[in-house]
file data_13.txt (compact mmCIF, C-alpha atoms)
# COMPACT_ATOMS: atom_id res chain seq x y z
CA MET A 1 -32.15 42.29 15.98
CA TYR A 2 -29.84 43.20 13.11
CA TYR A 3 -28.40 40.52 10.84
CA LEU A 4 -24.99 41.27 9.34
CA GLY A 5 -23.59 39.50 6.31
CA ILE A 6 -19.84 40.17 6.22
CA ASP A 7 -17.89 39.41 3.07
CA CYS A 8 -14.30 39.48 4.36
CA HIS A 9 -11.19 40.42 2.45
CA LYS A 10 -7.62 40.95 3.57
CA ARG A 11 -7.85 44.68 4.37
CA PHE A 12 -11.57 45.45 4.25
CA SER A 13 -14.98 43.82 4.43
CA TYR A 14 -18.24 44.56 2.66
CA VAL A 15 -21.11 44.54 5.17
CA THR A 16 -24.87 44.38 4.71
CA ALA A 17 -27.14 44.78 7.75
CA LEU A 18 -30.81 43.71 7.69
CA ASP A 19 -33.42 44.35 10.38
CA ASP A 20 -36.29 42.09 11.44
CA GLN A 21 -38.44 43.42 8.59
CA ASN A 22 -35.77 42.47 6.05
CA GLN A 23 -34.97 46.12 5.40
CA VAL A 24 -31.39 47.11 4.56
CA LYS A 25 -30.09 49.39 7.34
CA PHE A 26 -26.50 49.53 6.17
CA LYS A 27 -24.40 48.43 3.25
CA GLY A 28 -20.86 49.40 2.45
CA LYS A 29 -17.15 48.83 2.99
CA LEU A 30 -15.54 48.81 6.42
CA GLY A 31 -11.92 48.48 7.36
CA ASN A 32 -11.03 45.32 9.21
CA ASN A 33 -10.53 47.11 12.52
CA GLU A 34 -12.43 47.57 15.76
CA ASP A 35 -13.08 51.31 15.32
CA ASP A 36 -15.00 50.95 12.05
CA PHE A 37 -17.18 48.15 13.40
CA LYS A 38 -17.77 49.93 16.72
CA GLN A 39 -19.10 52.91 14.78
CA LEU A 40 -21.41 50.64 12.77
CA PHE A 41 -22.82 48.93 15.87
CA ALA A 42 -23.34 52.31 17.56
CA ARG A 43 -25.15 53.53 14.44
CA LEU A 44 -27.43 50.49 14.36
CA GLY A 45 -28.11 50.84 18.09
CA GLY A 46 -29.48 47.35 18.67
CA LYS A 47 -28.52 43.73 19.19
CA CYS A 48 -26.51 42.33 16.28
CA LYS A 49 -25.76 38.89 14.92
CA ALA A 50 -23.15 38.41 12.21
CA THR A 51 -21.96 35.72 9.86
CA ILE A 52 -18.66 35.25 8.03
CA GLU A 53 -17.49 32.49 5.74
CA THR A 54 -14.57 30.15 6.15
CA GLY A 55 -11.63 31.32 4.10
CA TYR A 56 -8.35 33.16 4.36
CA ASP A 57 -7.63 33.54 8.09
CA TRP A 58 -11.27 33.90 9.11
CA GLY A 59 -10.18 33.81 12.76
CA ILE A 60 -9.05 37.46 12.81
CA MET A 61 -12.53 38.81 12.02
CA TYR A 62 -14.24 36.14 14.12
CA ASP A 63 -12.20 36.99 17.23
CA MET A 64 -12.61 40.73 16.74
CA LEU A 65 -16.40 40.52 16.49
CA GLN A 66 -16.62 38.27 19.53
CA LYS A 67 -14.44 40.72 21.46
CA LEU A 68 -16.97 43.43 20.59
CA GLY A 69 -19.75 41.30 22.05
CA ILE A 70 -21.31 40.22 18.75
CA GLU A 71 -22.72 36.72 18.24
CA VAL A 72 -20.85 35.29 15.24
CA VAL A 73 -21.86 32.36 13.02
CA LEU A 74 -19.10 30.76 10.93
CA GLY A 75 -20.50 29.55 7.61
CA HIS A 76 -19.22 26.80 5.32
CA ALA A 77 -18.09 28.71 2.22
CA GLN A 78 -18.55 25.90 -0.31
CA LYS A 79 -22.00 24.94 0.95
CA ILE A 80 -23.11 28.57 0.95
CA LYS A 81 -21.97 28.80 -2.67
CA LEU A 82 -24.14 25.78 -3.52
CA ILE A 83 -27.14 27.32 -1.76
CA THR A 84 -26.93 30.74 -3.39
CA LYS A 85 -25.93 29.61 -6.92
CA ASN A 86 -25.65 33.23 -8.01
CA PRO A 87 -23.88 33.59 -11.40
CA LEU A 88 -23.46 37.35 -10.79
CA LYS A 89 -20.92 37.38 -7.99
CA ASN A 90 -19.59 40.50 -6.29
CA ASP A 91 -19.05 41.79 -2.75
CA LYS A 92 -22.47 43.47 -2.50
CA ARG A 93 -24.41 40.38 -3.59
CA ASP A 94 -22.31 38.07 -1.42
CA SER A 95 -22.81 40.10 1.76
CA MET A 96 -26.55 40.48 1.03
CA ALA A 97 -26.88 36.73 0.50
CA LEU A 98 -25.07 36.06 3.78
CA ALA A 99 -27.32 38.46 5.68
CA GLN A 100 -30.47 36.91 4.18
CA LEU A 101 -29.33 33.35 4.94
CA LEU A 102 -28.45 34.36 8.50
CA LYS A 103 -31.86 35.95 9.06
CA ALA A 104 -33.57 32.84 7.68
CA ASP A 105 -31.36 30.60 9.86
CA LEU A 106 -30.06 28.80 6.75
CA ILE A 107 -26.31 29.25 7.25
CA PRO A 108 -24.48 25.87 7.05
CA VAL A 109 -22.58 26.27 10.29
CA VAL A 110 -18.95 25.20 10.73
CA TYR A 111 -17.43 24.45 14.13
CA ALA A 112 -15.19 27.34 15.17
CA PRO A 113 -12.34 26.30 17.50
CA THR A 114 -11.14 28.71 20.13
CA TRP A 115 -8.16 31.00 19.61
CA GLU A 116 -6.05 28.83 21.93
CA THR A 117 -6.96 25.70 19.98
CA ARG A 118 -6.13 27.38 16.68
CA LEU A 119 -2.68 28.30 18.03
CA LYS A 120 -2.03 24.68 18.91
CA LYS A 121 -3.32 23.56 15.53
CA SER A 122 -0.85 25.85 13.78
CA VAL A 123 2.04 23.97 15.43
CA VAL A 124 0.55 20.58 14.57
CA ARG A 125 -0.12 21.59 10.97
CA GLU A 126 3.40 22.94 10.59
CA ARG A 127 4.68 19.52 11.57
CA MET A 128 2.37 17.86 9.01
CA PHE A 129 3.65 20.28 6.37
CA TYR A 130 7.25 19.23 6.99
CA VAL A 131 6.28 15.54 7.00
CA LYS A 132 4.71 16.03 3.57
CA ILE A 133 7.90 17.64 2.24
CA ARG A 134 9.95 14.78 3.70
CA THR A 135 7.73 12.20 2.01
CA MET A 136 8.16 13.98 -1.33
CA ALA A 137 11.94 13.99 -0.91
CA LYS A 138 11.99 10.29 0.00
CA ASN A 139 9.87 9.45 -3.04
CA LYS A 140 12.34 11.33 -5.24
CA VAL A 141 15.19 9.26 -3.78
CA HIS A 142 13.31 6.03 -4.49
CA LYS A 143 12.65 7.15 -8.06
CA LEU A 144 16.27 8.15 -8.60
CA LEU A 145 17.57 4.80 -7.34
CA TYR A 146 15.03 2.90 -9.42
CA ARG A 147 15.98 4.62 -12.67
CA ASN A 148 19.60 3.72 -11.95
CA GLY A 149 18.81 0.07 -11.37
CA ILE A 150 19.34 0.10 -7.60
CA THR A 151 16.84 -1.72 -5.41
CA LEU A 152 16.31 -1.51 -1.65
CA ASP A 153 15.20 -5.11 -1.15
CA GLY A 154 16.04 -6.39 2.31
CA TYR A 155 15.68 -3.03 4.03
CA SER A 156 12.43 -2.69 5.96
CA ASP A 157 13.18 1.00 6.49
CA ALA A 158 15.04 2.42 3.51
CA PHE A 159 15.92 5.53 5.49
CA GLY A 160 16.88 3.80 8.70
CA LYS A 161 20.50 3.49 9.78
CA ALA A 162 21.38 0.50 7.55
CA GLY A 163 19.26 1.62 4.60
CA ARG A 164 20.68 5.13 4.68
CA LYS A 165 24.24 3.78 4.70
CA TYR A 166 23.45 1.62 1.68
CA ILE A 167 21.89 4.54 -0.22
CA GLU A 168 24.87 6.81 0.47
CA SER A 169 27.26 4.14 -0.83
CA ALA A 170 25.39 3.77 -4.15
CA VAL A 171 27.56 4.24 -7.23
CA LEU A 172 25.88 6.77 -9.53
CA PRO A 173 26.81 9.05 -12.45
CA GLY A 174 28.01 12.54 -11.43
CA THR A 175 24.75 14.50 -11.78
CA GLU A 176 22.68 11.72 -10.26
CA LYS A 177 24.99 11.56 -7.25
CA GLN A 178 24.62 15.32 -6.80
CA ILE A 179 20.84 15.06 -6.87
CA LEU A 180 20.90 12.17 -4.40
CA ASP A 181 23.13 14.05 -1.97
CA SER A 182 20.90 17.11 -2.27
CA GLU A 183 17.75 15.10 -1.50
CA LEU A 184 19.39 13.36 1.46
CA GLU A 185 20.50 16.74 2.78
CA MET A 186 16.93 17.99 2.38
CA ILE A 187 15.61 14.99 4.33
CA ASP A 188 18.06 15.63 7.17
CA MET A 189 17.10 19.29 7.35
CA VAL A 190 13.37 18.52 7.34
CA ASN A 191 13.88 15.83 10.00
CA SER A 192 15.32 18.48 12.31
CA LYS A 193 12.29 20.72 11.66
CA VAL A 194 9.91 17.82 12.35
CA LYS A 195 11.63 17.05 15.66
CA LEU A 196 11.43 20.70 16.67
CA MET A 197 7.70 20.82 15.95
CA GLU A 198 7.15 17.52 17.76
CA SER A 199 8.83 18.83 20.90
CA SER A 200 6.56 21.89 20.75
CA ILE A 201 3.49 19.68 20.31
CA LYS A 202 4.36 17.67 23.42
CA VAL A 203 4.72 20.86 25.45
CA GLU A 204 1.49 22.44 24.13
CA MET A 205 -0.62 19.30 24.63
CA LYS A 206 0.46 17.94 27.99
CA GLU A 207 -3.14 17.77 29.13
CA ASN A 208 -5.66 16.35 26.69
CA LYS A 209 -8.25 13.78 27.69
CA TYR A 210 -8.24 12.11 24.26
CA VAL A 211 -4.51 11.52 23.74
CA ASP A 212 -4.09 8.53 26.07
CA LEU A 213 -7.11 6.76 24.53
CA ILE A 214 -6.03 7.37 20.93
CA LYS A 215 -2.51 6.13 21.74
CA THR A 216 -3.93 2.66 22.46
CA LEU A 217 -4.41 2.14 18.71
CA PRO A 218 -1.36 0.59 17.01
CA GLY A 219 0.54 3.04 14.83
CA LEU A 220 -0.59 6.12 16.75
CA GLY A 221 2.19 7.20 19.07
CA GLU A 222 2.90 10.33 21.07
CA ILE A 223 2.73 12.74 18.15
CA LEU A 224 0.01 11.40 15.85
CA SER A 225 -2.32 10.83 18.81
CA ARG A 226 -1.94 14.51 19.69
CA VAL A 227 -2.47 15.60 16.09
CA ILE A 228 -5.68 13.57 15.82
CA ALA A 229 -6.97 14.69 19.22
CA LEU A 230 -6.42 18.33 18.35
CA GLU A 231 -8.09 18.08 14.93
CA ILE A 232 -11.13 16.31 16.42
CA VAL A 233 -11.32 18.78 19.34
CA ASP A 234 -14.62 17.41 20.65
CA ILE A 235 -16.00 13.98 19.72
CA SER A 236 -19.55 15.12 20.52
CA ARG A 237 -19.42 17.12 17.26
CA PHE A 238 -19.93 13.84 15.39
CA ALA A 239 -23.19 11.89 15.47
CA ASN A 240 -21.61 8.55 14.57
CA ALA A 241 -18.41 6.88 13.38
CA LYS A 242 -19.23 7.41 9.70
CA LYS A 243 -19.50 11.16 10.27
CA LEU A 244 -15.98 11.25 11.72
CA ALA A 245 -14.65 9.13 8.83
CA SER A 246 -16.29 11.49 6.35
CA TYR A 247 -14.88 14.56 8.12
CA SER A 248 -11.47 12.86 7.92
CA GLY A 249 -11.78 12.40 4.16
CA VAL A 250 -11.20 8.63 4.19
CA VAL A 251 -14.51 7.65 2.57
CA PRO A 252 -15.28 7.47 -1.17
CA SER A 253 -17.46 10.01 -2.93
CA GLU A 254 -20.87 8.62 -3.86
CA HIS A 255 -23.33 9.31 -6.65
CA SER A 256 -26.56 7.33 -6.51
CA SER A 257 -29.85 7.36 -8.36
CA SER A 258 -32.56 4.79 -7.82
CA ASP A 259 -30.79 1.41 -7.53
CA ASN A 260 -27.59 2.61 -9.19
CA ILE A 261 -24.74 3.53 -6.85
CA TYR A 262 -21.37 4.79 -8.05
CA ARG A 263 -18.51 5.26 -5.61
CA GLY A 264 -15.65 7.36 -6.83
CA PRO A 265 -12.38 8.64 -5.34
CA ILE A 266 -12.17 9.75 -1.71
CA ILE A 267 -13.91 13.02 -0.92
CA LYS A 268 -11.92 16.25 -1.16
CA ASN A 269 -14.05 18.45 1.07
CA CYS A 270 -12.60 17.31 4.39
CA ASN A 271 -10.08 18.01 7.13
CA THR A 272 -6.92 17.31 5.11
CA HIS A 273 -4.68 17.50 8.19
CA LEU A 274 -6.66 14.78 9.96
CA LYS A 275 -6.64 12.66 6.80
CA GLN A 276 -2.87 12.97 6.50
CA ALA A 277 -2.41 11.98 10.15
CA LEU A 278 -4.66 8.92 9.79
CA VAL A 279 -2.92 7.76 6.61
CA GLU A 280 0.49 8.23 8.24
CA GLY A 281 -0.73 6.22 11.22
CA ALA A 282 -2.21 3.54 8.93
CA TRP A 283 1.20 2.81 7.41
CA ALA A 284 2.59 2.24 10.90
CA ALA A 285 -0.46 0.24 11.98
CA ILE A 286 -0.15 -2.39 9.25
CA ARG A 287 3.38 -3.12 10.49
CA ALA A 288 2.36 -3.29 14.15
CA SER A 289 -1.08 -4.92 14.03
CA ALA A 290 -2.24 -8.22 12.53
CA TYR A 291 -5.80 -6.89 12.41
CA PHE A 292 -4.98 -3.83 10.34
CA ARG A 293 -2.54 -5.83 8.23
CA CYS A 294 -5.37 -8.23 7.42
CA ILE A 295 -7.57 -5.33 6.25
CA TYR A 296 -4.73 -3.93 4.14
CA ASP A 297 -3.85 -7.25 2.45
CA ASN A 298 -7.51 -8.04 1.75
CA VAL A 299 -8.24 -4.72 0.04
CA LYS A 300 -4.86 -4.55 -1.70
CA SER A 301 -5.45 -7.91 -3.42
CA ARG A 302 -8.62 -6.53 -4.98
CA ARG A 303 -8.13 -2.78 -5.38
CA GLY A 304 -4.46 -1.92 -4.96
CA GLY A 305 -2.24 -0.48 -2.25
CA ASN A 306 -3.49 3.12 -2.24
CA LYS A 307 -7.12 2.16 -1.69
CA ALA A 308 -6.01 -0.43 0.87
CA ILE A 309 -4.21 2.10 3.07
CA VAL A 310 -7.22 4.42 2.91
CA ALA A 311 -9.42 1.51 4.01
CA VAL A 312 -7.15 1.01 7.02
CA ALA A 313 -7.28 4.75 7.80
CA ARG A 314 -11.09 4.67 7.64
CA GLN A 315 -11.25 1.72 10.01
CA MET A 316 -8.94 3.57 12.39
CA ALA A 317 -11.14 6.68 12.24
CA GLU A 318 -14.25 4.67 13.10
CA ILE A 319 -12.48 2.88 15.95
CA ILE A 320 -11.24 6.22 17.30
CA PHE A 321 -14.84 7.45 17.38
CA HIS A 322 -15.95 4.52 19.56
CA VAL A 323 -12.87 4.71 21.75
CA LEU A 324 -13.46 8.39 22.51
CA LYS A 325 -17.25 8.20 22.68
CA GLU A 326 -17.20 5.27 25.09
CA ASN A 327 -14.12 6.51 26.96
CA ARG A 328 -12.27 3.20 26.81
CA PRO A 329 -8.98 1.97 25.33
CA TYR A 330 -8.68 -0.01 22.12
CA ILE A 331 -8.26 -3.76 22.57
CA GLU A 332 -7.21 -6.12 19.79
CA ARG A 333 -7.59 -9.90 20.14
CA TYR A 334 -8.21 -13.14 18.24
CA SER A 335 -11.69 -14.55 17.90
CA VAL A 336 -12.52 -18.25 18.31
CA GLN A 337 -12.04 -18.78 14.54
CA ASN A 338 -8.52 -17.32 14.83
CA LYS A 339 -9.53 -14.16 12.98
CA MET A 340 -8.76 -10.72 14.33
CA ALA A 341 -11.52 -8.84 16.08
CA ALA A 342 -11.21 -5.25 17.19
CA LEU A 343 -13.11 -4.12 20.26
call {"tool": "encode", "arguments": {"input": "data_13.txt", "output": "structure tokens"}}
result
Amino acid sequence: MYYLGIDCHKRFSYVTALDDQNQVKFKGKLGNNEDDFKQLFARLGGKCKATIETGYDWGIMYDMLQKLGIEVVLGHAQKIKLITKNPLKNDKRDSMALAQLLKADLIPVVYAPTWETRLKKSVVRERMFYVKIRTMAKNKVHKLLYRNGITLDGYSDAFGKAGRKYIESAVLPGTEKQILDSELEMIDMVNSKVKLMESSIKVEMKENKYVDLIKTLPGLGEILSRVIALEIVDISRFANAKKLASYSGVVPSEHSSSDNIYRGPIIKNCNTHLKQALVEGAWAAIRASAYFRCIYDNVKSRRGGNKAIVAVARQMAEIIFHVLKENRPYIERYSVQNKMAAL
């Protein structure tokens, strides 16, 4: 068996190959093409196992190696960095470290979705990208109106039909009116992009066993349920509900020593697309569900609105785990004490 550590770049990769005796059988640059790697495998003349790190479009190299019949292990780049802790970093050392970790079976493995799944994810993530731009534009409109003394009290949806009409009729100084019109035009353009992506998502994900179950949660409609289902891919990847919540990035970071526990801001090393979808769904859930509204109001009174919405998103993530794991819909009902209980 040969163990290949592949340090990938855009146009080339640096490869180190070790044998079972930990001897270096090859080290050097290869172009990121099938011919170069075919020649290497022919030269080695034995069974090969390779590892690459997550990073810039790792899927190209991953798919190519699999096509050539090579077993590929996808490694978590940040965790590998913590393991190696090498202050002298270059391509040669990185590929050698990868090969050694692979041989020792110490690669922190990351789930690698199929090519078809990655194509679907690209559509979903494009939609999330446009939603983020739209949110930024809406926030700019709110800020502009606020600095001009205009409030939107009485409008549950500031950008609904009535709210939009009120905003457009606002009397503002010349430059401020120009900025407002520009932001509203941006929102309209992005809305059209979002709708286009949403229609593509519905077509690409007609058949998914998770979508109908996730849709039973309030706030998660046709689109967000598909986004979440696609980002989760397979619920068996997660040992428990807390693991899914952590993967979603809706849990606080924690530093503990002895009896002292400090919980900081939410973790950054997560699936940001899933986190964005859960937070977006949480805002809708607190308007549609008394249970989630209760969670939001309780946390908001003590820790503020931002932490409250994350708490709702975390609860949703944990419920989604149980819904998918147990293959049953979400049910919300009152308990005997007239408090909400989620089952």
call {"tool": "residues_around", "arguments": {"input": "data_13.txt", "residues": "stretch 52-59 of chain A", "least_positions_apart": "3", "cutoff": "8 Å", "atoms": "only C-alpha atoms", "output": "compact mmCIF listing (two decimals) with C-alpha atoms, in the coordinates of the input"}}
result
# COMPACT_ATOMS: atom_id res chain seq x y z
CA GLY A 5 -23.59 39.50 6.31
CA ILE A 6 -19.84 40.17 6.22
CA ASP A 7 -17.89 39.41 3.07
CA CYS A 8 -14.30 39.48 4.36
CA LYS A 10 -7.62 40.95 3.57
CA TYR A 62 -14.24 36.14 14.12
CA ASP A 63 -12.20 36.99 17.23
CA VAL A 72 -20.85 35.29 15.24
CA VAL A 73 -21.86 32.36 13.02
CA LEU A 74 -19.10 30.76 10.93
CA GLY A 75 -20.50 29.55 7.61
CA HIS A 76 -19.22 26.80 5.32
CA ALA A 77 -18.09 28.71 2.22
CA LEU A 98 -25.07 36.06 3.78
CA TRP A 115 -8.16 31.00 19.61
call {"tool": "residues_around", "arguments": {"input": "data_13.txt", "residues": "A:Gly46", "least_positions_apart": "3", "cutoff": "8 Å", "atoms": "all atoms listed in the file", "output": "mmCIF file with C-alpha atoms, in the frame of the given file"}}
result
data_model
loop_
_atom_site.group_PDB
_atom_site.id
_atom_site.type_symbol
_atom_site.label_atom_id
_atom_site.label_comp_id
_atom_site.auth_asym_id
_atom_site.auth_seq_id
_atom_site.Cartn_x
_atom_site.Cartn_y
_atom_site.Cartn_z
ATOM 1 C CA MET A 1 -32.150 42.290 15.980
ATOM 2 C CA TYR A 2 -29.840 43.200 13.110
ATOM 3 C CA PHE A 41 -22.820 48.930 15.870
ATOM 4 C CA ALA A 42 -23.340 52.310 17.560
#
call {"tool": "closest_residue", "arguments": {"input": "data_13.txt", "among": "A:Arg226, A:Lys81, A:Lys215, A:Lys138", "to": "A:Arg93", "atoms": "all atoms listed in the file"}}
result
A:Lys81
call {"tool": "closest_residue", "arguments": {"input": "data_13.txt", "among": "A:Glu183, A:Glu176, A:Asp157, A:Asp105", "to": "A:Val141", "atoms": "only C-alpha atoms"}}
result
A:Glu183
call {"tool": "residues_near_point", "arguments": {"input": "data_13.txt", "point": "(-27.7, 43.6, 17.2)", "cutoff": "12 Å", "atoms": "all atoms listed in the file", "output": "VMD selection string"}}
result
chain A and resid 1 to 4 17 to 20 25 38 40 to 50 65 68 to 72 103
call {"tool": "atom_distance", "arguments": {"input": "data_13.txt", "atom1": "atom CA of A:His142", "atom2": "atom CA of A:Ala158"}}
result
8.9 Å
call {"tool": "closest_residue", "arguments": {"input": "data_13.txt", "among": "A:Leu217, A:Lys161, A:Arg287, A:Ile295", "to": "A:Glu332", "atoms": "all atoms listed in the file"}}
result
A:Leu217
call {"tool": "closest_residue", "arguments": {"input": "data_13.txt", "among": "A:Val203, A:Val123, A:Ile309, A:Ala284", "to": "A:Gly219", "atoms": "only C-alpha atoms"}}
result
A:Ala284
call {"tool": "closest_residue", "arguments": {"input": "data_13.txt", "among": "A:Ile286, A:Ile331, A:Ile320, A:Val110", "to": "A:Asn240", "atoms": "all atoms listed in the file"}}
result
A:Ile320
call {"tool": "residues_near_point", "arguments": {"input": "data_13.txt", "point": "(26.2, 8.1, -1.9)", "cutoff": "9 Å", "atoms": "all atoms listed in the file", "output": "list of chain:residue names"}}
result
A:Lys165, A:Tyr166, A:Ile167, A:Glu168, A:Ser169, A:Ala170, A:Val171, A:Leu172, A:Lys177, A:Gln178, A:Leu180, A:Asp181
call {"tool": "write_last_selection", "arguments": {"input": "data_13.txt", "atoms": "C-alpha atoms", "output": "PDB file, in the frame of the given file"}}
result
ATOM      1  CA  LYS A 165      24.240   3.780   4.700  1.00  0.00           C
ATOM      2  CA  TYR A 166      23.450   1.620   1.680  1.00  0.00           C
ATOM      3  CA  ILE A 167      21.890   4.540  -0.220  1.00  0.00           C
ATOM      4  CA  GLU A 168      24.870   6.810   0.470  1.00  0.00           C
ATOM      5  CA  SER A 169      27.260   4.140  -0.830  1.00  0.00           C
ATOM      6  CA  ALA A 170      25.390   3.770  -4.150  1.00  0.00           C
ATOM      7  CA  VAL A 171      27.560   4.240  -7.230  1.00  0.00           C
ATOM      8  CA  LEU A 172      25.880   6.770  -9.530  1.00  0.00           C
ATOM      9  CA  LYS A 177      24.990  11.560  -7.250  1.00  0.00           C
ATOM     10  CA  GLN A 178      24.620  15.320  -6.800  1.00  0.00           C
ATOM     11  CA  LEU A 180      20.900  12.170  -4.400  1.00  0.00           C
ATOM     12  CA  ASP A 181      23.130  14.050  -1.970  1.00  0.00           C
TER      13      ASP A 181
END
call {"tool": "decode", "arguments": {"input": "data_13.txt", "residues": "stretch 274-313 of chain A", "atoms": "C-alpha atoms", "output": "compact mmCIF listing (two decimals), in the first residue's frame"}}
result
# COMPACT_ATOMS: atom_id res chain seq x y z
CA LEU A 274 -27.09 25.57 7.42
CA LYS A 275 -26.74 28.18 10.17
CA GLN A 276 -28.10 30.89 7.89
CA ALA A 277 -31.06 28.72 6.90
CA LEU A 278 -31.91 27.90 10.53
CA VAL A 279 -31.69 31.54 11.62
CA GLU A 280 -33.87 32.59 8.67
CA GLY A 281 -36.37 29.91 9.65
CA ALA A 282 -36.21 30.96 13.32
CA TRP A 283 -37.43 34.47 12.47
CA ALA A 284 -40.44 32.96 10.71
CA ALA A 285 -41.01 30.41 13.48
CA ILE A 286 -41.39 32.98 16.26
CA ARG A 287 -44.22 34.57 14.26
CA ALA A 288 -45.95 31.26 13.53
CA SER A 289 -45.40 29.26 16.73
CA ALA A 290 -46.26 30.05 20.35
CA TYR A 291 -43.64 27.53 21.50
CA PHE A 292 -40.76 29.14 19.64
CA ARG A 293 -42.06 32.61 20.51
CA CYS A 294 -41.92 31.63 24.17
CA ILE A 295 -38.27 30.57 23.82
CA TYR A 296 -37.43 33.80 22.01
CA ASP A 297 -39.13 36.10 24.54
CA ASN A 298 -37.59 34.26 27.49
CA VAL A 299 -34.01 34.52 26.21
CA LYS A 300 -34.47 38.03 24.83
CA SER A 301 -35.52 39.37 28.24
CA ARG A 302 -32.23 38.15 29.70
CA ARG A 303 -29.67 38.22 26.88
CA GLY A 304 -31.01 40.27 23.99
CA GLY A 305 -32.60 39.61 20.61
CA ASN A 306 -29.56 38.23 18.75
CA LYS A 307 -28.87 35.52 21.31
CA ALA A 308 -32.59 34.79 21.52
CA ILE A 309 -32.95 34.05 17.81
CA VAL A 310 -29.89 31.80 17.94
CA ALA A 311 -31.48 29.94 20.86
CA VAL A 312 -34.58 29.37 18.73
CA ALA A 313 -32.41 28.18 15.81
